[in-house]
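What's in work-v9.cif: mmCIF, C-alpha atoms
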```cif
data_data
loop_
_atom_site.group_PDB
_atom_site.id
_atom_site.type_symbol
_atom_site.label_atom_id
_atom_site.label_comp_id
_atom_site.auth_asym_id
_atom_site.auth_seq_id
_atom_site.Cartn_x
_atom_site.Cartn_y
_atom_site.Cartn_z
ATOM 1 C CA MET H 960 -9.885 -1.253 16.643
ATOM 2 C CA LEU H 961 -9.558 -3.775 13.854
ATOM 3 C CA ALA H 962 -5.986 -4.700 14.674
ATOM 4 C CA VAL H 963 -6.679 -6.231 18.062
ATOM 5 C CA GLY H 964 -5.346 -9.283 19.860
ATOM 6 C CA VAL H 965 -2.254 -9.842 21.942
ATOM 7 C CA LEU H 966 0.847 -10.074 19.756
ATOM 8 C CA ALA H 967 2.230 -13.568 19.711
ATOM 9 C CA ALA H 968 5.609 -14.815 18.706
ATOM 10 C CA ALA H 969 6.073 -14.956 14.942
ATOM 11 C CA GLY H 970 7.140 -18.033 13.085
ATOM 12 C CA ILE H 971 3.981 -19.762 11.873
ATOM 13 C CA ALA H 972 4.997 -21.301 8.579
ATOM 14 C CA ILE H 973 2.947 -20.883 5.419
ATOM 15 C CA PRO H 974 2.802 -23.796 2.981
ATOM 16 C CA ALA H 975 4.529 -22.876 -0.251
ATOM 17 C CA ALA H 976 2.120 -21.930 -3.006
ATOM 18 C CA ASN H 977 1.968 -24.312 -5.928
ATOM 19 C CA ALA H 978 4.315 -23.350 -8.715
ATOM 20 C CA THR H 979 2.821 -22.549 -12.077
ATOM 21 C CA GLU H 980 4.232 -22.570 -15.552
ATOM 22 C CA GLU H 981 1.784 -19.940 -16.690
ATOM 23 C CA PRO H 982 3.120 -16.389 -16.939
ATOM 24 C CA THR H 983 2.237 -14.161 -14.028
ATOM 25 C CA PRO H 984 -0.387 -11.617 -15.137
ATOM 26 C CA SER H 985 0.564 -7.983 -14.793
ATOM 27 C CA ALA H 986 -0.919 -6.233 -11.801
ATOM 28 C CA THR H 987 -3.198 -4.072 -13.927
ATOM 29 C CA SER H 988 -4.205 -6.609 -16.590
ATOM 30 C CA ALA H 989 -7.352 -7.924 -14.946
ATOM 31 C CA ALA H 990 -10.478 -5.820 -15.333
ATOM 32 C CA PRO H 991 -12.339 -5.028 -12.083
ATOM 33 C CA THR H 992 -15.201 -7.348 -11.199
ATOM 34 C CA ALA H 993 -18.490 -5.912 -10.020
ATOM 35 C CA VAL H 994 -19.109 -6.483 -6.309
ATOM 36 C CA PRO H 995 -22.088 -8.828 -5.779
ATOM 37 C CA ALA H 996 -25.346 -7.245 -4.662
ATOM 38 C CA HIS H 997 -24.927 -9.097 -1.364
ATOM 39 C CA ALA H 998 -21.292 -9.393 -0.391
ATOM 40 C CA LEU H 999 -19.067 -10.713 2.367
ATOM 41 C CA THR H 1000 -16.030 -8.618 3.286
ATOM 42 C CA GLY H 1001 -13.013 -9.944 5.170
ATOM 43 C CA TYR H 1002 -9.831 -8.267 6.333
ATOM 44 C CA TRP H 1003 -6.610 -10.140 5.543
ATOM 45 C CA GLN H 1004 -3.763 -9.587 8.001
ATOM 46 C CA ASN H 1005 -0.404 -8.539 6.625
ATOM 47 C CA PHE H 1006 1.153 -9.448 9.975
ATOM 48 C CA ASN H 1007 1.248 -12.310 12.451
ATOM 49 C CA ASN H 1008 -0.528 -11.669 15.752
ATOM 50 C CA GLY H 1009 -1.340 -15.234 16.697
ATOM 51 C CA ALA H 1010 -4.163 -15.794 14.228
ATOM 52 C CA SER H 1011 -3.728 -18.280 11.379
ATOM 53 C CA VAL H 1012 -1.214 -16.944 8.895
ATOM 54 C CA GLN H 1013 -2.564 -16.989 5.340
ATOM 55 C CA THR H 1014 -1.436 -16.235 1.840
ATOM 56 C CA LEU H 1015 -4.041 -14.409 -0.231
ATOM 57 C CA ALA H 1016 -4.581 -17.678 -2.075
ATOM 58 C CA GLN H 1017 -5.672 -19.277 1.203
ATOM 59 C CA VAL H 1018 -8.387 -16.699 1.961
ATOM 60 C CA GLN H 1019 -11.716 -18.502 2.229
ATOM 61 C CA ASP H 1020 -13.777 -18.516 -0.956
ATOM 62 C CA GLN H 1021 -16.861 -17.065 0.783
ATOM 63 C CA TYR H 1022 -15.232 -13.614 0.857
ATOM 64 C CA ASP H 1023 -16.199 -11.341 -2.034
ATOM 65 C CA ILE H 1024 -14.155 -8.334 -0.890
ATOM 66 C CA ILE H 1025 -10.730 -8.906 0.662
ATOM 67 C CA ALA H 1026 -9.257 -5.879 2.445
ATOM 68 C CA VAL H 1027 -5.476 -6.144 2.727
ATOM 69 C CA SER H 1028 -4.491 -4.745 6.120
ATOM 70 C CA PHE H 1029 -2.789 -2.372 6.154
ATOM 71 C CA ALA H 1030 -1.064 0.276 4.071
ATOM 72 C CA ASP H 1031 1.700 2.206 5.828
ATOM 73 C CA ALA H 1032 2.129 5.939 6.224
ATOM 74 C CA THR H 1033 5.176 7.552 4.640
ATOM 75 C CA GLY H 1034 7.157 10.677 5.452
ATOM 76 C CA THR H 1035 4.879 12.655 3.129
ATOM 77 C CA PRO H 1036 1.604 13.713 4.791
ATOM 78 C CA GLY H 1037 -1.304 11.785 3.297
ATOM 79 C CA ALA H 1038 0.844 9.440 1.237
ATOM 80 C CA VAL H 1039 0.796 5.694 1.842
ATOM 81 C CA THR H 1040 2.789 2.683 0.745
ATOM 82 C CA PHE H 1041 2.493 -1.072 1.156
ATOM 83 C CA ASN H 1042 5.151 -3.269 2.712
ATOM 84 C CA LEU H 1043 4.451 -6.991 2.586
ATOM 85 C CA ASP H 1044 5.475 -8.587 5.899
ATOM 86 C CA SER H 1045 7.359 -11.421 4.214
ATOM 87 C CA ALA H 1046 9.216 -12.381 7.377
ATOM 88 C CA GLY H 1047 6.109 -12.458 9.529
ATOM 89 C CA LEU H 1048 4.219 -14.373 6.864
ATOM 90 C CA GLY H 1049 6.694 -17.224 6.583
ATOM 91 C CA GLY H 1050 8.588 -15.980 3.547
ATOM 92 C CA TYR H 1051 5.618 -14.930 1.408
ATOM 93 C CA THR H 1052 7.112 -13.018 -1.522
ATOM 94 C CA VAL H 1053 5.869 -9.913 -3.263
ATOM 95 C CA GLU H 1054 5.818 -11.803 -6.560
ATOM 96 C CA GLN H 1055 3.598 -14.530 -5.130
ATOM 97 C CA PHE H 1056 1.389 -11.958 -3.416
ATOM 98 C CA LYS H 1057 0.804 -10.212 -6.742
ATOM 99 C CA ALA H 1058 0.105 -13.513 -8.485
ATOM 100 C CA ASP H 1059 -2.319 -14.568 -5.742
ATOM 101 C CA LEU H 1060 -4.054 -11.191 -5.928
ATOM 102 C CA ALA H 1061 -4.465 -11.524 -9.695
ATOM 103 C CA ALA H 1062 -5.855 -15.037 -9.237
ATOM 104 C CA LYS H 1063 -8.409 -13.807 -6.693
ATOM 105 C CA LYS H 1064 -9.520 -11.133 -9.137
ATOM 106 C CA ALA H 1065 -9.763 -13.704 -11.917
ATOM 107 C CA ALA H 1066 -12.022 -15.710 -9.590
ATOM 108 C CA GLY H 1067 -14.372 -12.743 -9.296
ATOM 109 C CA LYS H 1068 -13.145 -11.346 -5.981
ATOM 110 C CA SER H 1069 -12.302 -7.709 -5.235
ATOM 111 C CA VAL H 1070 -9.026 -7.084 -3.398
ATOM 112 C CA ILE H 1071 -8.535 -3.646 -1.868
ATOM 113 C CA ILE H 1072 -5.910 -1.934 0.260
ATOM 114 C CA SER H 1073 -7.017 -0.853 3.731
ATOM 115 C CA ILE H 1074 -5.780 2.448 5.144
ATOM 116 C CA GLY H 1075 -5.528 2.869 8.897
ATOM 117 C CA GLY H 1076 -6.336 0.281 11.517
ATOM 118 C CA GLU H 1077 -6.017 0.683 15.250
ATOM 119 C CA LYS H 1078 -2.488 2.051 14.999
ATOM 120 C CA GLY H 1079 -2.686 3.669 11.574
ATOM 121 C CA ALA H 1080 -1.598 7.295 11.395
ATOM 122 C CA VAL H 1081 -2.512 8.696 7.987
ATOM 123 C CA ALA H 1082 -3.666 12.316 8.032
ATOM 124 C CA VAL H 1083 -5.497 13.897 5.101
ATOM 125 C CA ASN H 1084 -6.239 17.433 6.183
ATOM 126 C CA ASP H 1085 -5.240 19.828 3.403
ATOM 127 C CA ASP H 1086 -4.982 20.028 -0.392
ATOM 128 C CA ALA H 1087 -1.452 18.659 -0.509
ATOM 129 C CA SER H 1088 -2.144 15.621 1.671
ATOM 130 C CA ALA H 1089 -5.363 14.902 -0.228
ATOM 131 C CA LYS H 1090 -3.415 14.848 -3.485
ATOM 132 C CA ALA H 1091 -0.676 12.712 -1.948
ATOM 133 C CA PHE H 1092 -3.260 10.241 -0.683
ATOM 134 C CA ALA H 1093 -5.008 9.895 -4.035
ATOM 135 C CA ASP H 1094 -1.762 9.673 -5.988
ATOM 136 C CA SER H 1095 -0.181 7.101 -3.674
ATOM 137 C CA VAL H 1096 -3.268 4.869 -3.408
ATOM 138 C CA TYR H 1097 -3.645 4.925 -7.180
ATOM 139 C CA GLY H 1098 0.034 4.047 -7.443
ATOM 140 C CA LEU H 1099 -0.564 0.965 -5.266
ATOM 141 C CA MET H 1100 -3.528 0.016 -7.418
ATOM 142 C CA GLU H 1101 -1.312 0.229 -10.481
ATOM 143 C CA GLU H 1102 1.597 -1.652 -8.896
ATOM 144 C CA TYR H 1103 -0.265 -4.480 -7.169
ATOM 145 C CA GLY H 1104 -3.605 -4.606 -8.952
ATOM 146 C CA PHE H 1105 -5.769 -3.533 -6.001
ATOM 147 C CA ASP H 1106 -9.389 -2.818 -6.987
ATOM 148 C CA GLY H 1107 -9.760 0.064 -4.584
ATOM 149 C CA VAL H 1108 -9.377 1.248 -1.032
ATOM 150 C CA ASP H 1109 -10.840 0.784 2.442
ATOM 151 C CA ILE H 1110 -10.917 3.729 4.843
ATOM 152 C CA ASP H 1111 -10.355 2.522 8.398
ATOM 153 C CA LEU H 1112 -8.931 5.681 9.939
ATOM 154 C CA GLU H 1113 -9.606 5.421 13.650
ATOM 155 C CA ASN H 1114 -7.681 8.446 14.854
ATOM 156 C CA GLY H 1115 -9.641 11.225 13.205
ATOM 157 C CA LEU H 1116 -10.859 12.081 9.718
ATOM 158 C CA ASN H 1117 -11.414 15.392 7.932
ATOM 159 C CA SER H 1118 -14.504 15.037 5.734
ATOM 160 C CA THR H 1119 -13.618 17.940 3.441
ATOM 161 C CA TYR H 1120 -10.192 16.695 2.426
ATOM 162 C CA MET H 1121 -10.926 12.960 2.554
ATOM 163 C CA THR H 1122 -13.837 13.612 0.203
ATOM 164 C CA GLN H 1123 -11.483 15.530 -2.064
ATOM 165 C CA ALA H 1124 -8.938 12.703 -1.966
ATOM 166 C CA LEU H 1125 -11.476 9.971 -2.716
ATOM 167 C CA LYS H 1126 -13.103 11.908 -5.557
ATOM 168 C CA SER H 1127 -9.668 12.432 -7.066
ATOM 169 C CA LEU H 1128 -8.856 8.738 -6.704
ATOM 170 C CA ALA H 1129 -12.131 7.784 -8.368
ATOM 171 C CA ALA H 1130 -11.337 10.071 -11.295
ATOM 172 C CA LYS H 1131 -7.951 8.383 -11.715
ATOM 173 C CA ALA H 1132 -9.441 4.888 -11.490
ATOM 174 C CA CYS H 1133 -12.101 5.862 -14.065
ATOM 175 C CA SER H 1134 -14.483 2.955 -13.359
ATOM 176 C CA GLY H 1135 -14.857 -0.048 -11.124
ATOM 177 C CA LEU H 1136 -13.325 1.518 -8.005
ATOM 178 C CA VAL H 1137 -14.274 -0.430 -4.887
ATOM 179 C CA LEU H 1138 -14.542 1.970 -1.954
ATOM 180 C CA THR H 1139 -15.320 0.679 1.519
ATOM 181 C CA MET H 1140 -15.220 2.179 5.008
ATOM 182 C CA ALA H 1141 -14.995 0.682 8.492
ATOM 183 C CA PRO H 1142 -15.916 3.412 10.972
ATOM 184 C CA GLN H 1143 -16.323 2.827 14.677
ATOM 185 C CA THR H 1144 -19.829 3.000 16.138
ATOM 186 C CA ILE H 1145 -19.286 6.491 17.568
ATOM 187 C CA ASP H 1146 -18.397 7.729 14.077
ATOM 188 C CA MET H 1147 -21.823 6.881 12.660
ATOM 189 C CA GLN H 1148 -24.151 8.078 15.410
ATOM 190 C CA SER H 1149 -24.993 11.278 13.568
ATOM 191 C CA THR H 1150 -24.836 12.609 10.009
ATOM 192 C CA SER H 1151 -22.885 15.548 11.449
ATOM 193 C CA ASN H 1152 -19.947 13.285 12.353
ATOM 194 C CA GLU H 1153 -16.966 13.562 10.011
ATOM 195 C CA TYR H 1154 -17.024 9.900 8.993
ATOM 196 C CA PHE H 1155 -20.738 9.931 8.242
ATOM 197 C CA LYS H 1156 -20.364 13.211 6.344
ATOM 198 C CA THR H 1157 -17.582 11.679 4.259
ATOM 199 C CA ALA H 1158 -19.691 8.627 3.447
ATOM 200 C CA LEU H 1159 -22.565 10.836 2.291
ATOM 201 C CA ASN H 1160 -20.214 13.111 0.343
ATOM 202 C CA VAL H 1161 -18.887 10.145 -1.670
ATOM 203 C CA LYS H 1162 -22.187 8.302 -1.921
ATOM 204 C CA ASP H 1163 -21.944 8.287 -5.718
ATOM 205 C CA ILE H 1164 -18.743 6.191 -5.593
ATOM 206 C CA LEU H 1165 -19.190 4.370 -2.265
ATOM 207 C CA THR H 1166 -19.453 0.583 -2.266
ATOM 208 C CA VAL H 1167 -20.197 -0.191 1.385
ATOM 209 C CA VAL H 1168 -19.763 1.067 4.946
ATOM 210 C CA ASN H 1169 -19.018 -1.890 7.219
ATOM 211 C CA MET H 1170 -19.236 -0.243 10.619
ATOM 212 C CA GLN H 1171 -17.395 -2.006 13.452
ATOM 213 C CA TYR H 1172 -20.126 -3.211 15.821
ATOM 214 C CA TYR H 1173 -17.534 -4.165 18.446
ATOM 215 C CA ASN H 1174 -14.985 -2.727 20.869
ATOM 216 C CA SER H 1175 -17.772 -0.264 21.561
ATOM 217 C CA GLY H 1176 -19.703 0.950 24.524
ATOM 218 C CA SER H 1177 -23.469 1.184 24.500
ATOM 219 C CA MET H 1178 -24.851 3.338 21.687
ATOM 220 C CA LEU H 1179 -28.087 4.954 20.603
ATOM 221 C CA GLY H 1180 -30.219 3.235 17.999
ATOM 222 C CA CYS H 1181 -32.304 5.068 15.425
ATOM 223 C CA ASP H 1182 -35.259 4.939 17.831
ATOM 224 C CA GLY H 1183 -33.355 6.964 20.437
ATOM 225 C CA LYS H 1184 -32.995 4.018 22.810
ATOM 226 C CA VAL H 1185 -29.659 2.820 24.186
ATOM 227 C CA TYR H 1186 -28.443 -0.612 23.100
ATOM 228 C CA SER H 1187 -25.520 -2.680 24.351
ATOM 229 C CA GLN H 1188 -23.119 -4.423 21.994
ATOM 230 C CA GLY H 1189 -23.313 -8.155 21.588
ATOM 231 C CA SER H 1190 -27.006 -8.360 20.700
ATOM 232 C CA VAL H 1191 -29.119 -8.495 17.569
ATOM 233 C CA ASP H 1192 -30.723 -5.197 18.621
ATOM 234 C CA PHE H 1193 -27.322 -3.485 18.687
ATOM 235 C CA LEU H 1194 -26.704 -4.547 15.098
ATOM 236 C CA THR H 1195 -30.117 -3.655 13.735
ATOM 237 C CA ALA H 1196 -30.853 -0.438 15.636
ATOM 238 C CA LEU H 1197 -27.450 1.053 14.781
ATOM 239 C CA ALA H 1198 -27.607 -0.044 11.151
ATOM 240 C CA CYS H 1199 -30.943 1.748 11.008
ATOM 241 C CA ILE H 1200 -29.201 5.081 11.680
ATOM 242 C CA GLN H 1201 -27.162 4.696 8.509
ATOM 243 C CA LEU H 1202 -30.094 3.377 6.498
ATOM 244 C CA GLU H 1203 -32.308 6.283 7.537
ATOM 245 C CA GLY H 1204 -29.467 8.812 7.483
ATOM 246 C CA GLY H 1205 -28.947 8.858 3.754
ATOM 247 C CA LEU H 1206 -26.946 5.784 2.756
ATOM 248 C CA ASP H 1207 -28.445 3.371 0.272
ATOM 249 C CA PRO H 1208 -29.110 -0.115 1.712
ATOM 250 C CA SER H 1209 -26.510 -1.460 -0.729
ATOM 251 C CA GLN H 1210 -23.962 0.725 1.078
ATOM 252 C CA VAL H 1211 -24.567 -0.719 4.550
ATOM 253 C CA GLY H 1212 -22.907 -3.816 5.989
ATOM 254 C CA ILE H 1213 -22.563 -5.316 9.465
ATOM 255 C CA GLY H 1214 -18.979 -5.621 10.750
ATOM 256 C CA VAL H 1215 -18.210 -8.099 13.546
ATOM 257 C CA PRO H 1216 -15.271 -10.146 14.870
ATOM 258 C CA ALA H 1217 -14.810 -13.638 13.418
ATOM 259 C CA SER H 1218 -14.127 -15.103 16.849
ATOM 260 C CA THR H 1219 -13.859 -14.139 20.501
ATOM 261 C CA ARG H 1220 -10.117 -13.665 19.951
ATOM 262 C CA GLY H 1221 -10.656 -11.223 17.095
ATOM 263 C CA ALA H 1222 -11.717 -8.287 19.271
ATOM 264 C CA GLY H 1223 -11.667 -7.107 22.840
ATOM 265 C CA SER H 1224 -15.465 -7.121 23.077
ATOM 266 C CA GLY H 1225 -18.597 -7.309 20.978
ATOM 267 C CA TYR H 1226 -18.348 -10.816 19.552
ATOM 268 C CA VAL H 1227 -21.682 -12.343 18.573
ATOM 269 C CA GLU H 1228 -22.412 -15.819 17.296
ATOM 270 C CA PRO H 1229 -22.815 -16.092 13.505
ATOM 271 C CA SER H 1230 -26.485 -16.915 14.071
ATOM 272 C CA VAL H 1231 -26.959 -13.463 15.615
ATOM 273 C CA VAL H 1232 -25.440 -11.834 12.534
ATOM 274 C CA ASN H 1233 -27.767 -13.851 10.326
ATOM 275 C CA ASN H 1234 -30.761 -12.883 12.462
ATOM 276 C CA ALA H 1235 -29.798 -9.216 12.119
ATOM 277 C CA LEU H 1236 -29.538 -9.601 8.357
ATOM 278 C CA ASP H 1237 -32.987 -11.226 8.296
ATOM 279 C CA CYS H 1238 -34.454 -8.511 10.497
ATOM 280 C CA LEU H 1239 -33.142 -5.694 8.311
ATOM 281 C CA THR H 1240 -33.925 -7.286 4.955
ATOM 282 C CA GLN H 1241 -37.128 -9.197 5.711
ATOM 283 C CA GLY H 1242 -38.417 -8.045 9.103
ATOM 284 C CA THR H 1243 -37.971 -11.519 10.633
ATOM 285 C CA ASN H 1244 -35.810 -12.834 13.502
ATOM 286 C CA CYS H 1245 -35.656 -9.389 15.115
ATOM 287 C CA GLY H 1246 -35.061 -8.778 18.794
ATOM 288 C CA SER H 1247 -36.944 -6.090 20.699
ATOM 289 C CA PHE H 1248 -36.089 -3.536 18.003
ATOM 290 C CA LYS H 1249 -37.883 -3.919 14.699
ATOM 291 C CA PRO H 1250 -37.269 -1.394 11.917
ATOM 292 C CA SER H 1251 -40.279 0.422 10.533
ATOM 293 C CA LYS H 1252 -39.517 -0.929 7.078
ATOM 294 C CA THR H 1253 -37.227 -3.515 5.490
ATOM 295 C CA TYR H 1254 -34.117 -2.996 3.415
ATOM 296 C CA PRO H 1255 -33.806 -5.977 1.047
ATOM 297 C CA GLY H 1256 -30.877 -4.370 -0.771
ATOM 298 C CA LEU H 1257 -28.610 -4.458 2.315
ATOM 299 C CA ARG H 1258 -25.076 -5.218 1.121
ATOM 300 C CA GLY H 1259 -24.058 -7.851 3.670
ATOM 301 C CA ALA H 1260 -21.512 -8.385 6.413
ATOM 302 C CA MET H 1261 -17.831 -7.955 7.245
ATOM 303 C CA THR H 1262 -15.438 -9.587 9.659
ATOM 304 C CA TRP H 1263 -12.107 -8.986 11.306
ATOM 305 C CA SER H 1264 -10.445 -11.092 10.102
ATOM 306 C CA THR H 1265 -10.089 -13.892 7.548
ATOM 307 C CA ASN H 1266 -7.154 -15.046 9.692
ATOM 308 C CA TRP H 1267 -9.154 -15.209 12.936
ATOM 309 C CA ASP H 1268 -11.896 -16.918 10.956
ATOM 310 C CA ALA H 1269 -9.404 -19.564 9.827
ATOM 311 C CA ALA H 1270 -8.061 -19.959 13.364
ATOM 312 C CA ALA H 1271 -11.598 -20.765 14.536
ATOM 313 C CA GLY H 1272 -12.161 -23.347 11.803
ATOM 314 C CA ASN H 1273 -13.937 -21.000 9.343
ATOM 315 C CA VAL H 1274 -17.081 -21.150 11.473
ATOM 316 C CA TRP H 1275 -17.945 -17.516 10.745
ATOM 317 C CA SER H 1276 -17.590 -17.513 6.962
ATOM 318 C CA ASP H 1277 -19.167 -20.959 6.629
ATOM 319 C CA ALA H 1278 -22.287 -19.695 8.436
ATOM 320 C CA VAL H 1279 -22.570 -16.030 7.448
ATOM 321 C CA GLY H 1280 -21.242 -16.294 3.888
ATOM 322 C CA PRO H 1281 -23.992 -18.550 2.497
ATOM 323 C CA HIS H 1282 -26.612 -16.536 4.379
ATOM 324 C CA VAL H 1283 -25.415 -13.261 2.872
ATOM 325 C CA HIS H 1284 -25.276 -14.794 -0.588
ATOM 326 C CA SER H 1285 -28.833 -16.140 -0.224
ATOM 327 C CA LEU H 1286 -30.334 -12.710 0.471
ATOM 328 C CA SER H 1287 -32.705 -11.495 -2.193
#
```
In structure tokens, what does this structure look like?
Amino acid sequence: MLAVGVLAAAGIAIPAANATEEPTPSATSAAPTAVPAHALTGYWQNFNNGASVQTLAQVQDQYDIIAVSFADATGTPGAVTFNLDSAGLGGYTVEQFKADLAAKKAAGKSVIISIGGEKGAVAVNDDASAKAFADSVYGLMEEYGFDGVDIDLENGLNSTYMTQALKSLAAKACSGLVLTMAPQTIDMQSTSNEYFKTALNVKDILTVVNMQYYNSGSMLGCDGKVYSQGSVDFLTALACIQLEGGLDPSQVGIGVPASTRGAGSGYVEPSVVNNALDCLTQGTNCGSFKPSKTYPGLRGAMTWSTNWDAAAGNVWSDAVGPHVHSLS
């Protein structure tokens, strides 16, 4: 559901990045930076679908976590690789991508590789595929300098083997692994769902779950009432399920489209996102649903995508970013 939007003709040029006389840092030289207590996550598109084409260097500074979308499946079950869409991104080279990634990390940002997307087909459903997943993701971290991984598998997930794969990856990464997830609303309605079970299984290494509050039908809130997408109540009442279902507030974020073009349905104005954040953290600016307690440690918000944000004049990140960063 993240990779939405009608495909447009490619060919949007990217301004050449400024040359530098400084040596390019190795992919693994920069130590991981701790994710801020309140963080903004944005997905960066490794393809051109009509949104603004960006280099990593051009990703808006408000974003604390940048999820590179997406890794590609290989012929080995569970294994993934990354293929930079140089042609679609106006000639962006792998060397410049790596340099831009290192620069983002040096600026205190976390850059992770996202697995899945609307059309992603990565299956981790046995010991061998779990090992292949962990080994291949760690290989990408070593090669490119990624700080971790985002799980955006929208075509099924096996909690037993994905847990195994992520625990193995964390052991390889030793410390500082950034682990995020972007389940659909249906995936987080109950702690018995495979996605929710996985999140709870890896709670000790999980950074944040940024559920997709869009491209969704009506869903139950934690009070048992039905809420329709596109409202502050939808955001708060569904977040409450995760907050009361075992995740720490620091592991819950609100995922929304950056513009009306970024998703088929479910767009809300940035002010609605900010109201939902206020409602959950402070008990103010709520709609008809008001949680029984507040969660001041809530991690923040996510958007699909930094590119659609740029295409809309950065309205989303300019409004939601400062609000997230002002939470206390």
*Check which residues satisfy the PyMOL selection byres ((chain H and resi 1228-1241) around 7) in the file shown, then give them as a ChimeraX atom specification.*
/H:1191,1194-1195,1226-1227,1242-1245,1250,1253-1255,1257,1275,1278-1279,1282
How would the residues just chosen look if you wrote them out with C-alpha atoms as a short mmCIF file (atom, residue, chain, number, x, y, z; two decimals), in the frame of the given file?
```
data_model
loop_
_atom_site.label_atom_id
_atom_site.label_comp_id
_atom_site.auth_asym_id
_atom_site.auth_seq_id
_atom_site.Cartn_x
_atom_site.Cartn_y
_atom_site.Cartn_z
CA VAL H 1191 -29.12 -8.49 17.57
CA LEU H 1194 -26.70 -4.55 15.10
CA THR H 1195 -30.12 -3.66 13.74
CA TYR H 1226 -18.35 -10.82 19.55
CA VAL H 1227 -21.68 -12.34 18.57
CA GLY H 1242 -38.42 -8.04 9.10
CA THR H 1243 -37.97 -11.52 10.63
CA ASN H 1244 -35.81 -12.83 13.50
CA CYS H 1245 -35.66 -9.39 15.12
CA PRO H 1250 -37.27 -1.39 11.92
CA THR H 1253 -37.23 -3.52 5.49
CA TYR H 1254 -34.12 -3.00 3.42
CA PRO H 1255 -33.81 -5.98 1.05
CA LEU H 1257 -28.61 -4.46 2.32
CA TRP H 1275 -17.94 -17.52 10.74
CA ALA H 1278 -22.29 -19.70 8.44
CA VAL H 1279 -22.57 -16.03 7.45
CA HIS H 1282 -26.61 -16.54 4.38
#
```
*Nearest-residue call for Ala1058 of chain H, choices H:Asn1005, H:Ser1127, H:Asn1273, H:Thr1014, using all atoms listed in the file*: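 Once distances to Ala1058 of chain H are computed over all atoms listed in the file, the minimum belongs to H:Thr1014.
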*Pick out the residues sitting within 12 Å of segment 1181-1190 of chain H, and hand them over as an MDAnalysis selection string; count only C-alpha atoms, and ignore anything fewer than 5 positions along from it in its own chain.*
chainID H and resid 1144 1147:1150 1171:1176 1195:1204 1214:1216 1219 1222:1235 1245:1251
*At what distance in Å, to one decimal, does atom CA of Leu1136 of chain H lie from atom CA of Leu1165 of chain H?*
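For atom CA of Leu1165 of chain H relative to atom CA of Leu1136 of chain H, the distance reads 8.7 Å.
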*Pick the closest to Ala1271 of chain H from H:Pro995, H:Gly1009, H:Gly1135, H:Gly1256: which is it, counting all atoms listed in the file?*
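Using all atoms listed in the file, the shortest distance to Ala1271 of chain H belongs to H:Gly1009.
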*Specify as a list in words each residue included when the PyMOL selection byres ((chain H and resi 1112-1118) around 6) is applied to this file.*
Gly1075, Asn1084, Ile1110, Asp1111, Thr1119, Tyr1120, Met1121, Thr1122, Glu1153 and Thr1157 of chain H
Write out as an mmCIF file with C-alpha atoms, keeping the file's coordinate frame which residues come within 10 Å of Gln1019 of chain H when counting all atoms listed in the file, dropping same-chain ones fewer than 6 positions away.
```cif
data_model
loop_
_atom_site.group_PDB
_atom_site.id
_atom_site.type_symbol
_atom_site.label_atom_id
_atom_site.label_comp_id
_atom_site.auth_asym_id
_atom_site.auth_seq_id
_atom_site.Cartn_x
_atom_site.Cartn_y
_atom_site.Cartn_z
ATOM 1 C CA GLY H 1001 -13.013 -9.944 5.170
ATOM 2 C CA GLN H 1013 -2.564 -16.989 5.340
ATOM 3 C CA ILE H 1025 -10.730 -8.906 0.662
ATOM 4 C CA THR H 1265 -10.089 -13.892 7.548
ATOM 5 C CA ASN H 1266 -7.154 -15.046 9.692
ATOM 6 C CA ASP H 1268 -11.896 -16.918 10.956
ATOM 7 C CA ALA H 1269 -9.404 -19.564 9.827
ATOM 8 C CA ASN H 1273 -13.937 -21.000 9.343
ATOM 9 C CA SER H 1276 -17.590 -17.513 6.962
ATOM 10 C CA ASP H 1277 -19.167 -20.959 6.629
ATOM 11 C CA GLY H 1280 -21.242 -16.294 3.888
#
```
*asked:* List as a list in words the protein and nucleic acid residues near Ala1087 of chain H, meaning an atom at most 8 Å away when all atoms listed in the file are counted, but skip any in the same chain fewer than 2 places from it.
replied: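 These residues fall inside the cut-off: Pro1036, Gly1037, Asp1085, Ala1089, Lys1090 and Ala1091 of chain H.
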Build an axis-aligned box that encloses every atom of segment 1089-1094 of chain H listed in the file, pad it by 4 Å on each side, and report its centre and edge lengths in Å to one decimal, as AutoDock Vina command-line options.
```
--center_x -3.0 --center_y 12.3 --center_z -3.1 --size_x 12.7 --size_y 13.2 --size_z 13.8
```
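Distance-wise, atom CA of Ala1026 of chain H and atom CA of Leu1060 of chain H end up 11.2 Å apart.
Straight-line separation from atom CA of Ala1082 of chain H to atom CA of Ala1030 of chain H: 12.9 Å.
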*Selected residue, from H:Thr1052, H:Thr992, H:Gln1143, H:Ser1028, that lies nearest to Ile1074 of chain H when counting all atoms listed in the file*: H:Ser1028
_Assuming the chain letters and numbering stay as they are in my file, what does the PyMOL selection byres ((chain H and resi 1071) around 9) actually select? List them as a PyMOL selection string._
chain H and resi 1024-1027+1069-1070+1072-1073+1100+1104-1109+1137-1139
*Counting all atoms listed in the file, which of H:Leu1159, H:Lys1252, H:Trp1263, H:Asp1192 gets nearest to Val1211 of chain H?*
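Nearest to Val1211 of chain H: H:Leu1159.
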*With all atoms listed in the file as the atoms that count, which of H:Ala1129, H:Leu1179, H:Val1018, H:Ala1217 lies nearest to Met1261 of chain H?*
H:Ala1217
*Given the choices H:Ser1177, H:Ser1264, H:Gln1017, H:Ser1095, which gets closest to Leu999 of chain H if the distance is worked out from only C-alpha atoms?*
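Counting only C-alpha atoms, the residue closest to Leu999 of chain H is H:Ser1264.
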